[in-house]
>>> print(open('input.cif').read())   # mmCIF, C-alpha atoms
data_protein
#
loop_
_atom_site.label_atom_id
_atom_site.label_comp_id
_atom_site.auth_asym_id
_atom_site.auth_seq_id
_atom_site.Cartn_x
_atom_site.Cartn_y
_atom_site.Cartn_z
CA LEU E 230 61.86 122.30 -9.60
CA ALA E 231 65.52 122.59 -8.79
CA LYS E 232 64.68 124.70 -5.76
CA LEU E 233 62.03 122.23 -4.62
CA ALA E 234 64.46 119.36 -5.05
CA SER E 235 67.02 121.23 -2.92
CA ARG E 236 64.43 121.87 -0.20
CA GLY E 237 63.47 118.17 -0.23
CA GLN E 238 67.07 117.07 0.21
CA GLU E 239 67.52 119.54 3.03
CA TYR E 240 64.41 118.21 4.75
CA HIS E 241 65.61 114.65 4.29
CA ASP E 242 68.99 115.47 5.82
CA THR E 243 67.34 117.28 8.72
CA MET E 244 65.03 114.33 9.49
CA LYS E 245 67.98 111.95 9.35
CA ALA E 246 69.94 114.11 11.77
CA TYR E 247 66.90 114.33 14.05
CA SER E 248 66.44 110.55 14.02
CA GLU E 249 70.10 110.04 14.85
CA ALA E 250 69.88 112.58 17.68
CA VAL E 251 66.77 110.89 19.12
CA HIS E 252 68.50 107.51 18.93
CA ALA E 253 71.59 108.93 20.60
CA PHE E 254 69.42 110.49 23.33
CA HIS E 255 67.69 107.21 24.13
CA THR E 256 71.04 105.41 24.18
CA LYS E 257 72.54 107.95 26.57
CA PHE E 258 69.38 107.90 28.70
CA GLU E 259 69.59 104.12 29.05
CA GLN E 260 73.27 104.37 29.89
CA SER E 261 72.55 107.09 32.44
CA THR E 262 69.82 105.00 34.05
CA SER E 263 72.14 101.98 34.23
CA ILE E 264 74.96 104.09 35.70
CA ALA E 265 72.59 105.62 38.27
CA GLU E 266 71.39 102.17 39.34
CA GLU E 267 74.96 100.91 39.54
CA TYR E 268 75.94 103.99 41.57
CA ALA E 269 73.03 103.47 43.97
CA GLN E 270 74.00 99.80 44.43
CA LYS E 271 77.65 100.70 44.94
CA ARG E 272 76.72 103.29 47.56
CA THR E 273 74.50 100.78 49.34
CA ASP E 274 77.35 98.26 49.33
CA CYS E 275 79.82 100.87 50.59
CA ASN E 276 77.47 101.96 53.37
CA GLN E 277 77.05 98.32 54.40
CA MET E 278 80.81 97.76 54.42
CA GLN E 279 81.28 100.93 56.48
CA ALA E 280 78.74 99.69 59.04
CA GLU E 281 80.43 96.27 59.18
CA PHE E 282 83.84 97.93 59.58
CA GLU E 283 82.63 100.09 62.45
CA THR E 284 81.01 97.08 64.15
CA ALA E 285 84.24 95.07 63.78
CA ALA E 286 86.23 98.02 65.12
CA CYS E 287 83.92 98.15 68.14
CA HIS E 288 84.35 94.44 68.82
CA PHE E 289 88.12 94.77 68.52
CA SER E 290 88.18 97.78 70.83
CA ASP E 291 86.01 96.02 73.42
CA SER E 292 87.96 92.74 73.28
CA SER E 293 91.29 94.59 73.52
CA GLU E 294 90.19 96.39 76.65
CA GLU E 295 88.74 93.22 78.20
CA SER E 296 91.89 91.23 77.38
CA CYS E 297 94.09 93.91 78.93
CA ASP E 298 91.98 94.04 82.11
CA ALA E 299 91.99 90.22 82.37
CA TYR E 300 95.77 90.07 81.87
CA LEU E 301 96.49 92.73 84.49
CA SER E 302 94.18 91.06 87.02
CA SER E 303 95.64 87.60 86.36
CA TYR E 304 99.19 88.91 86.56
CA ASP E 305 98.59 90.54 89.95
CA THR E 306 97.04 87.33 91.29
CA ARG E 307 99.79 85.07 89.95
CA LEU E 308 102.46 87.47 91.19
CA GLN E 309 101.10 87.17 94.72
CA ASP E 310 101.15 83.39 94.35
CA TYR E 311 104.71 83.46 93.05
CA VAL E 312 105.96 85.71 95.85
CA ALA E 313 104.30 83.48 98.45
CA VAL E 314 105.82 80.32 96.95
CA VAL E 315 109.29 81.89 96.67
CA ARG E 316 109.10 83.01 100.30
CA ASN E 317 108.04 79.52 101.38
CA ILE E 318 110.76 77.83 99.35
CA ALA E 319 113.39 80.15 100.82
CA ALA E 320 112.25 79.28 104.35
CA ARG E 321 112.26 75.55 103.64
CA ALA E 322 115.67 75.75 101.95
CA ALA E 323 117.08 77.53 105.00
CA ASP E 324 115.64 74.79 107.22
CA ARG E 325 117.25 72.08 105.10
CA GLU E 326 120.63 73.83 105.17
CA ALA E 327 120.42 74.13 108.97
CA GLU E 328 119.41 70.48 109.26
CA TRP E 329 122.30 69.44 106.99
CA ILE E 330 124.85 71.44 109.00
CA HIS E 331 123.69 70.01 112.33
CA LEU E 332 123.49 66.45 111.02
CA LYS E 333 127.04 66.73 109.70
CA ARG E 334 128.25 68.13 113.02
CA VAL E 335 126.46 65.37 114.94
CA SER E 336 127.95 62.81 112.54
CA CYS E 337 131.38 64.30 113.19
CA VAL E 338 130.86 64.13 116.96
CA LEU E 339 129.64 60.53 116.82
CA ALA E 340 132.63 59.56 114.70
CA LYS E 341 134.96 61.09 117.27
CA LEU E 342 133.13 59.40 120.13
CA GLY E 343 133.43 56.12 118.30
CA GLY E 344 137.17 56.50 118.56
CA VAL E 345 137.19 56.73 122.35
CA GLU E 346 139.19 53.80 123.71
CA LYS E 347 139.52 54.45 127.42
CA ASP E 348 138.25 56.58 130.24
CA GLY E 349 139.68 60.03 130.26
CA ASP E 350 139.97 60.39 126.49
CA LEU E 351 137.28 63.10 126.65
CA ALA E 352 138.76 64.95 129.58
CA GLU E 353 138.84 68.74 129.31
CA ASN E 354 141.61 70.00 127.04
CA SER E 355 142.33 66.49 125.83
CA THR E 356 143.05 65.93 122.15
CA MET E 357 139.76 64.05 121.71
CA ALA E 358 137.80 66.77 123.52
CA ARG E 359 139.28 69.44 121.26
CA GLU E 360 138.47 67.37 118.18
CA VAL E 361 134.86 66.94 119.36
CA GLN E 362 134.60 70.68 120.02
CA ALA E 363 136.02 71.39 116.54
CA CYS E 364 133.06 69.50 115.04
CA TYR E 365 130.76 72.35 116.15
CA SER E 366 132.82 75.07 114.51
CA GLN E 367 133.74 73.47 111.21
CA GLY E 368 132.43 75.17 108.09
CA ILE E 369 129.91 72.97 106.27
CA VAL E 370 128.54 73.98 102.89
CA ASN E 371 126.25 72.03 100.56
CA ASN E 372 125.65 73.99 97.38
CA ASP E 373 123.07 71.42 96.28
CA LEU E 374 120.77 72.74 99.01
CA THR E 375 121.08 76.35 97.86
CA ILE E 376 118.10 77.49 95.80
CA SER E 377 118.68 80.85 94.15
CA GLU E 378 115.70 83.16 94.09
CA ARG E 379 114.51 84.15 90.64
CA PRO E 380 112.48 87.32 90.21
CA ALA E 381 109.06 87.02 88.66
CA PRO E 382 108.74 88.06 85.00
CA ALA E 383 107.96 91.74 84.68
CA ARG E 384 104.42 92.69 83.85
CA GLU E 385 104.13 93.54 80.19
CA ALA E 386 102.37 96.67 79.05
CA CYS E 387 99.07 96.27 77.22
CA LEU E 388 99.00 97.07 73.55
CA ALA E 389 97.88 100.57 72.68
CA MET E 390 94.11 100.67 72.74
CA PRO E 391 92.53 101.31 69.32
CA THR E 392 90.62 104.54 68.79
CA GLN E 393 87.02 104.21 69.94
CA PRO E 394 84.76 103.97 66.85
CA CYS E 395 82.68 107.01 65.96
CA SER E 396 84.74 109.33 68.11
CA ASP E 397 86.02 112.49 66.44
CA ALA E 398 89.51 111.00 66.31
CA PHE E 399 88.20 107.81 64.69
CA VAL E 400 86.28 109.67 61.99
CA LYS E 401 89.32 111.83 61.27
CA GLU E 402 91.66 108.83 61.11
CA GLU E 403 89.50 106.62 58.93
CA TYR E 404 87.50 108.94 56.67
CA HIS E 405 89.67 112.00 56.06
CA ASP E 406 91.17 110.85 52.74
CA LEU E 407 88.18 109.47 50.83
CA PRO E 408 88.23 109.89 47.02
CA ASN E 409 86.90 113.14 45.60
CA GLY E 410 83.14 113.20 45.24
CA THR E 411 82.56 110.63 47.98
CA SER E 412 81.63 110.92 51.63
CA ALA E 413 81.02 108.56 54.53
CA ILE E 414 77.61 108.17 56.09
CA ALA E 415 77.11 109.19 59.71
CA CYS E 416 79.08 106.88 61.99
CA GLU E 417 76.91 104.88 64.41
CA SER E 418 78.73 103.35 67.40
CA THR E 419 77.76 99.82 68.39
CA CYS E 420 80.35 99.54 71.15
CA THR E 421 79.28 98.18 74.50
CA ALA E 422 79.51 100.19 77.67
CA PRO E 423 82.75 99.79 79.63
CA ALA E 424 82.71 96.66 81.76
CA PRO E 425 82.86 97.04 85.56
CA PRO E 426 86.34 96.59 87.02
CA ALA E 427 87.34 93.02 87.77
CA THR E 428 87.35 91.78 91.34
CA THR E 429 90.66 92.64 92.90
CA PRO E 430 92.76 89.79 94.24
CA ALA E 431 92.53 91.25 97.75
CA THR E 432 88.84 90.25 97.95
CA MET E 433 89.52 86.62 97.09
CA PRO E 434 89.49 84.10 99.98
CA LYS E 435 92.55 82.19 101.11
CA CYS E 436 92.96 78.61 99.92
CA SER E 437 93.00 77.51 103.54
CA SER E 438 89.22 78.06 103.63
CA PHE E 439 88.65 75.79 100.60
CA THR E 440 87.79 72.09 101.09
CA CYS E 441 89.82 69.94 98.72
CA PRO E 442 88.03 67.04 96.97
CA SER E 443 88.80 63.39 97.65
CA GLY E 444 92.24 62.27 96.50
CA THR E 445 93.79 65.70 96.97
CA VAL E 446 95.07 67.70 99.92
CA ALA E 447 95.54 71.38 100.61
CA ARG E 448 98.75 72.97 99.34
CA PHE E 449 101.48 73.52 101.90
CA ASP E 450 101.14 77.28 101.37
CA ALA E 451 97.33 77.36 101.47
CA ASP E 452 97.42 80.10 104.13
CA GLU E 453 99.20 82.43 101.71
CA ILE E 454 97.62 81.61 98.33
CA GLN E 455 94.34 83.20 97.28
CA GLY E 456 91.78 81.07 95.48
CA SER E 457 88.57 79.08 95.71
CA ASP E 458 89.06 76.11 93.38
CA SER E 459 90.92 72.80 93.45
CA GLU E 460 93.31 73.76 90.65
CA ARG E 461 94.81 76.61 92.67
CA CYS E 462 94.34 75.34 96.21
CA CYS E 463 94.89 71.57 96.12
CA GLN E 464 97.53 69.04 95.15
CA VAL E 465 97.53 65.28 94.65
CA ASN E 466 97.79 63.37 97.92
CA GLU E 467 101.25 61.80 97.94
CA TRP E 468 101.07 60.25 101.42
CA ARG E 469 101.67 56.48 101.53
CA LEU E 470 100.84 54.11 104.37
CA LEU E 471 104.13 52.93 105.88
CA LEU E 472 102.98 51.08 109.00
CA ARG E 473 99.80 49.13 109.64
CA GLN E 474 98.67 47.68 112.96
CA THR E 475 98.29 43.91 113.16
CA ALA E 476 96.55 41.89 115.85
CA PRO E 477 97.14 41.38 118.70
CA PHE E 478 99.35 44.52 118.76
CA VAL E 479 96.57 47.05 118.28
CA GLN E 480 96.41 50.51 119.81
CA PRO E 481 93.59 53.06 119.67
CA ARG E 482 93.85 55.41 116.75
CA ASP E 483 94.23 58.46 118.97
CA LYS E 484 97.49 56.96 120.27
CA TRP E 485 99.01 57.10 116.80
CA LEU E 486 100.60 60.22 115.42
CA ASP E 487 98.72 61.14 112.24
CA HIS E 488 100.86 63.20 109.86
CA ASP E 489 98.11 63.51 107.23
CA ARG E 490 95.47 65.57 108.97
CA SER E 491 93.36 65.80 105.80
CA HIS E 492 92.86 62.00 105.82
CA PRO E 493 92.82 60.79 109.45
CA ASP E 494 91.28 57.45 108.44
CA ALA E 495 94.16 56.50 106.13
#
>>> encode(input="input.cif", output="structure tokens")
Amino acid sequence: LAKLASRGQEYHDTMKAYSEAVHAFHTKFEQSTSIAEEYAQKRTDCNQMQAEFETAACHFSDSSEESCDAYLSSYDTRLQDYVAVVRNIAARAADREAEWIHLKRVSCVLAKLGGVEKDGDLAENSTMAREVQACYSQGIVNNDLTISERPAPAREACLAMPTQPCSDAFVKEEYHDLPNGTSAIACESTCTAPAPPATTPATMPKCSSFTCPSGTVARFDADEIQGSDSERCCQVNEWRLLLRQTAPFVQPRDKWLDHDRSHPDA
């Protein structure tokens, strides 16, 4: 009986251990299933984030290249405009300085002539004649008419272009240090093909061939500026009517000198 009782206890202990092992197995199995599902979801999420990252990188790469091309093209066009305007201003400033010098000399001569009191005062080698002649050689400077030329701002360099997504360099840069046991899915580029080069400024028409809308007139430097729109080629008409004919003193229009050729009916 004692031996039977010992065998019974041993059986009981064995069944208890078996039941505990089965319970532990089912618990671990459920945990494993849950972990596997969580892993699969995490991997799906990571793959989705990788795809979104590569798409965003493509958009950034494309927009960076387009922005750089647009900046370079705009700079070249504006630089041509600036050089043309500077050249025109320099010419007009030189004209004004010449006009100022001659007007001052004429004013000097007239002032001297106004001092003539009798015949012979302007005889050759007379004091008055020498003073009149000195009017033509006097140094006349008006710094207010001097316009110093300022160089155009230098063209800035474009920012370094980002690495093109899915290239070997991109994969090496972005995915070389992933955590142990992980790997990136195959990179799929969604970048657009390179855009055709922008139209060079040399192919653009001159503003002189553009017809300005009502209320505006062509810029004074329209023969030098490139463009085909009112913003670049036109300016507000600042002419004002100074004289108007009144009956009976009327002359045909073609007898009048019209300074505003863009608006002959004004």
>>> atom_distance(input="input.cif", atom1="atom CA of His255 of chain E", atom2="atom CA of Glu239 of chain E")
24.4 Å
>>> residues_near_point(input="input.cif", point="(107.7, 85.6, 98.2)", cutoff="12 Å", atoms="all atoms listed in the file", output="list in words")
Arg307, Leu308, Gln309, Asp310, Tyr311, Val312, Ala313, Val314, Val315, Arg316, Asn317, Ile318, Ala319, Ala320, Glu378, Arg379, Pro380, Ala381, Asp450, Glu453 and Ile454 of chain E
>>> closest_residue(input="input.cif", among="E:Leu374, E:Cys364, E:Val345, E:Ala398", to="Trp329 of chain E", atoms="only C-alpha atoms")
E:Leu374
>>> resolve_selection(input="input.cif", expression="the PyMOL selection byres ((chain E and resi 360-362) around 10)", output="PyMOL selection string")
chain E and resi 334-335+337-342+351+354-359+363-367
>>> atom_distance(input="input.cif", atom1="atom CA of Ser437 of chain E", atom2="atom CA of Asp324 of chain E")
23.1 Å
>>> residues_near_point(input="input.cif", point="(87.1, 106.9, 68.5)", cutoff="10 Å", atoms="only C-alpha atoms", output="ChimeraX atom specification")
/E:286-287,290,391-403,418
>>> closest_residue(input="input.cif", among="E:Asp298, E:Glu281, E:Glu460, E:Glu267", to="Ala386 of chain E", atoms="only C-alpha atoms")
E:Asp298
>>> atom_distance(input="input.cif", atom1="atom CA of Asp452 of chain E", atom2="atom CA of Ala299 of chain E")
24.6 Å
>>> closest_residue(input="input.cif", among="E:Ala285, E:Leu233, E:Ala327, E:Met278", to="Cys420 of chain E", atoms="only C-alpha atoms")
E:Ala285
>>> resolve_selection(input="input.cif", expression="the PyMOL selection byres ((chain E and resi 370) around 9)", output="compact mmCIF listing (two decimals) with C-alpha atoms, in the coordinates of the input")
# COMPACT_ATOMS: atom_id res chain seq x y z
CA GLU E 326 120.63 73.83 105.17
CA TRP E 329 122.30 69.44 106.99
CA ILE E 330 124.85 71.44 109.00
CA GLY E 368 132.43 75.17 108.09
CA ILE E 369 129.91 72.97 106.27
CA ASN E 371 126.25 72.03 100.56
CA ASN E 372 125.65 73.99 97.38
CA ASP E 373 123.07 71.42 96.28
CA LEU E 374 120.77 72.74 99.01
>>> axis_aligned_box(input="input.cif", around="segment 409-417 of chain E", padding_each_side="8 Å", output="JSON")
{"center_x": 81.9, "center_y": 109.0, "center_z": 54.8, "size_x": 26.0, "size_y": 24.3, "size_z": 35.2}
>>> closest_residue(input="input.cif", among="E:Leu388, E:Asp406, E:Thr306, E:Asp350", to="Gly456 of chain E", atoms="only C-alpha atoms")
E:Thr306
>>> resolve_selection(input="input.cif", expression="the PyMOL selection byres ((chain E and resi 280) around 10)", output="list in words")
Asp274, Cys275, Asn276, Gln277, Met278, Gln279, Glu281, Phe282, Glu283, Thr284, Ala285, Ala286, Ile414, Ala415, Cys416, Glu417, Ser418 and Thr419 of chain E
>>> write_last_selection(input="input.cif", atoms="C-alpha atoms", output="mmCIF file, in the frame of the given file")
data_model
loop_
_atom_site.group_PDB
_atom_site.id
_atom_site.type_symbol
_atom_site.label_atom_id
_atom_site.label_comp_id
_atom_site.auth_asym_id
_atom_site.auth_seq_id
_atom_site.Cartn_x
_atom_site.Cartn_y
_atom_site.Cartn_z
ATOM 1 C CA ASP E 274 77.350 98.260 49.330
ATOM 2 C CA CYS E 275 79.820 100.870 50.590
ATOM 3 C CA ASN E 276 77.470 101.960 53.370
ATOM 4 C CA GLN E 277 77.050 98.320 54.400
ATOM 5 C CA MET E 278 80.810 97.760 54.420
ATOM 6 C CA GLN E 279 81.280 100.930 56.480
ATOM 7 C CA GLU E 281 80.430 96.270 59.180
ATOM 8 C CA PHE E 282 83.840 97.930 59.580
ATOM 9 C CA GLU E 283 82.630 100.090 62.450
ATOM 10 C CA THR E 284 81.010 97.080 64.150
ATOM 11 C CA ALA E 285 84.240 95.070 63.780
ATOM 12 C CA ALA E 286 86.230 98.020 65.120
ATOM 13 C CA ILE E 414 77.610 108.170 56.090
ATOM 14 C CA ALA E 415 77.110 109.190 59.710
ATOM 15 C CA CYS E 416 79.080 106.880 61.990
ATOM 16 C CA GLU E 417 76.910 104.880 64.410
ATOM 17 C CA SER E 418 78.730 103.350 67.400
ATOM 18 C CA THR E 419 77.760 99.820 68.390
#
>>> closest_residue(input="input.cif", among="E:Ala352, E:Pro408, E:Lys347, E:Asp305", to="Pro382 of chain E", atoms="all atoms listed in the file")
E:Asp305
>>> residues_around(input="input.cif", residues="Cys441 of chain E", least_positions_apart="3", cutoff="10 Å", atoms="all atoms listed in the file", output="PyMOL selection string")
chain E and resi 436-438+444-448+457-460+462-465+491
>>> build_atoms(input="input.cif", residues="segment 314-343 of chain E", atoms="N, CA and C atoms", output="PDB file, keeping the file's coordinate frame")
ATOM      1  N   VAL E 314     105.099  81.575  97.138  1.00  0.00           N
ATOM      2  CA  VAL E 314     105.820  80.320  96.950  1.00  0.00           C
ATOM      3  C   VAL E 314     107.322  80.529  97.113  1.00  0.00           C
ATOM      4  N   VAL E 315     107.853  81.604  96.549  1.00  0.00           N
ATOM      5  CA  VAL E 315     109.290  81.890  96.670  1.00  0.00           C
ATOM      6  C   VAL E 315     109.663  82.069  98.137  1.00  0.00           C
ATOM      7  N   ARG E 316     108.817  82.786  98.878  1.00  0.00           N
ATOM      8  CA  ARG E 316     109.100  83.010 100.300  1.00  0.00           C
ATOM      9  C   ARG E 316     109.088  81.678 101.057  1.00  0.00           C
ATOM     10  N   ASN E 317     108.129  80.812 100.713  1.00  0.00           N
ATOM     11  CA  ASN E 317     108.040  79.520 101.380  1.00  0.00           C
ATOM     12  C   ASN E 317     109.227  78.625 101.039  1.00  0.00           C
ATOM     13  N   ILE E 318     109.615  78.643  99.762  1.00  0.00           N
ATOM     14  CA  ILE E 318     110.760  77.830  99.350  1.00  0.00           C
ATOM     15  C   ILE E 318     112.036  78.296 100.046  1.00  0.00           C
ATOM     16  N   ALA E 319     112.205  79.607 100.157  1.00  0.00           N
ATOM     17  CA  ALA E 319     113.390  80.150 100.820  1.00  0.00           C
ATOM     18  C   ALA E 319     113.445  79.697 102.277  1.00  0.00           C
ATOM     19  N   ALA E 320     112.290  79.708 102.950  1.00  0.00           N
ATOM     20  CA  ALA E 320     112.250  79.280 104.350  1.00  0.00           C
ATOM     21  C   ALA E 320     112.579  77.797 104.480  1.00  0.00           C
ATOM     22  N   ARG E 321     112.007  76.991 103.579  1.00  0.00           N
ATOM     23  CA  ARG E 321     112.260  75.550 103.640  1.00  0.00           C
ATOM     24  C   ARG E 321     113.703  75.222 103.275  1.00  0.00           C
ATOM     25  N   ALA E 322     114.266  75.968 102.317  1.00  0.00           N
ATOM     26  CA  ALA E 322     115.670  75.750 101.950  1.00  0.00           C
ATOM     27  C   ALA E 322     116.588  76.081 103.120  1.00  0.00           C
ATOM     28  N   ALA E 323     116.271  77.162 103.835  1.00  0.00           N
ATOM     29  CA  ALA E 323     117.080  77.530 105.000  1.00  0.00           C
ATOM     30  C   ALA E 323     116.995  76.450 106.072  1.00  0.00           C
ATOM     31  N   ASP E 324     115.797  75.885 106.249  1.00  0.00           N
ATOM     32  CA  ASP E 324     115.640  74.790 107.220  1.00  0.00           C
ATOM     33  C   ASP E 324     116.497  73.593 106.830  1.00  0.00           C
ATOM     34  N   ARG E 325     116.474  73.241 105.551  1.00  0.00           N
ATOM     35  CA  ARG E 325     117.250  72.080 105.100  1.00  0.00           C
ATOM     36  C   ARG E 325     118.752  72.319 105.283  1.00  0.00           C
ATOM     37  N   GLU E 326     119.204  73.526 104.989  1.00  0.00           N
ATOM     38  CA  GLU E 326     120.630  73.830 105.170  1.00  0.00           C
ATOM     39  C   GLU E 326     121.013  73.722 106.645  1.00  0.00           C
ATOM     40  N   ALA E 327     120.136  74.224 107.534  1.00  0.00           N
ATOM     41  CA  ALA E 327     120.420  74.130 108.970  1.00  0.00           C
ATOM     42  C   ALA E 327     120.433  72.669 109.416  1.00  0.00           C
ATOM     43  N   GLU E 328     119.458  71.894 108.915  1.00  0.00           N
ATOM     44  CA  GLU E 328     119.410  70.480 109.260  1.00  0.00           C
ATOM     45  C   GLU E 328     120.676  69.761 108.788  1.00  0.00           C
ATOM     46  N   TRP E 329     121.095  70.076 107.552  1.00  0.00           N
ATOM     47  CA  TRP E 329     122.300  69.440 106.990  1.00  0.00           C
ATOM     48  C   TRP E 329     123.543  69.754 107.831  1.00  0.00           C
ATOM     49  N   ILE E 330     123.683  71.023 108.210  1.00  0.00           N
ATOM     50  CA  ILE E 330     124.850  71.440 109.000  1.00  0.00           C
ATOM     51  C   ILE E 330     124.885  70.694 110.340  1.00  0.00           C
ATOM     52  N   HIS E 331     123.725  70.660 111.017  1.00  0.00           N
ATOM     53  CA  HIS E 331     123.690  70.010 112.330  1.00  0.00           C
ATOM     54  C   HIS E 331     123.877  68.508 112.225  1.00  0.00           C
ATOM     55  N   LEU E 332     123.301  67.891 111.189  1.00  0.00           N
ATOM     56  CA  LEU E 332     123.490  66.450 111.020  1.00  0.00           C
ATOM     57  C   LEU E 332     124.958  66.124 110.761  1.00  0.00           C
ATOM     58  N   LYS E 333     125.616  66.947 109.956  1.00  0.00           N
ATOM     59  CA  LYS E 333     127.040  66.730 109.700  1.00  0.00           C
ATOM     60  C   LYS E 333     127.875  66.917 110.979  1.00  0.00           C
ATOM     61  N   ARG E 334     127.518  67.906 111.771  1.00  0.00           N
ATOM     62  CA  ARG E 334     128.250  68.130 113.020  1.00  0.00           C
ATOM     63  C   ARG E 334     128.013  66.976 113.998  1.00  0.00           C
ATOM     64  N   VAL E 335     126.752  66.518 114.066  1.00  0.00           N
ATOM     65  CA  VAL E 335     126.460  65.370 114.940  1.00  0.00           C
ATOM     66  C   VAL E 335     127.200  64.138 114.449  1.00  0.00           C
ATOM     67  N   SER E 336     127.211  63.950 113.096  1.00  0.00           N
ATOM     68  CA  SER E 336     127.950  62.810 112.540  1.00  0.00           C
ATOM     69  C   SER E 336     129.428  62.890 112.885  1.00  0.00           C
ATOM     70  N   CYS E 337     129.963  64.095 112.836  1.00  0.00           N
ATOM     71  CA  CYS E 337     131.380  64.300 113.190  1.00  0.00           C
ATOM     72  C   CYS E 337     131.623  63.950 114.655  1.00  0.00           C
ATOM     73  N   VAL E 338     130.706  64.414 115.540  1.00  0.00           N
ATOM     74  CA  VAL E 338     130.860  64.130 116.960  1.00  0.00           C
ATOM     75  C   VAL E 338     130.774  62.639 117.234  1.00  0.00           C
ATOM     76  N   LEU E 339     129.801  61.974 116.610  1.00  0.00           N
ATOM     77  CA  LEU E 339     129.640  60.530 116.820  1.00  0.00           C
ATOM     78  C   LEU E 339     130.858  59.765 116.330  1.00  0.00           C
ATOM     79  N   ALA E 340     131.430  60.226 115.206  1.00  0.00           N
ATOM     80  CA  ALA E 340     132.630  59.560 114.700  1.00  0.00           C
ATOM     81  C   ALA E 340     133.781  59.702 115.691  1.00  0.00           C
ATOM     82  N   LYS E 341     133.901  60.886 116.281  1.00  0.00           N
ATOM     83  CA  LYS E 341     134.960  61.090 117.270  1.00  0.00           C
ATOM     84  C   LYS E 341     134.710  60.242 118.509  1.00  0.00           C
ATOM     85  N   LEU E 342     133.450  60.196 118.948  1.00  0.00           N
ATOM     86  CA  LEU E 342     133.130  59.400 120.130  1.00  0.00           C
ATOM     87  C   LEU E 342     133.363  57.915 119.876  1.00  0.00           C
ATOM     88  N   GLY E 343     133.175  57.522 118.628  1.00  0.00           N
ATOM     89  CA  GLY E 343     133.430  56.120 118.300  1.00  0.00           C
ATOM     90  C   GLY E 343     134.895  55.759 118.414  1.00  0.00           C
TER      91      GLY E 343
END
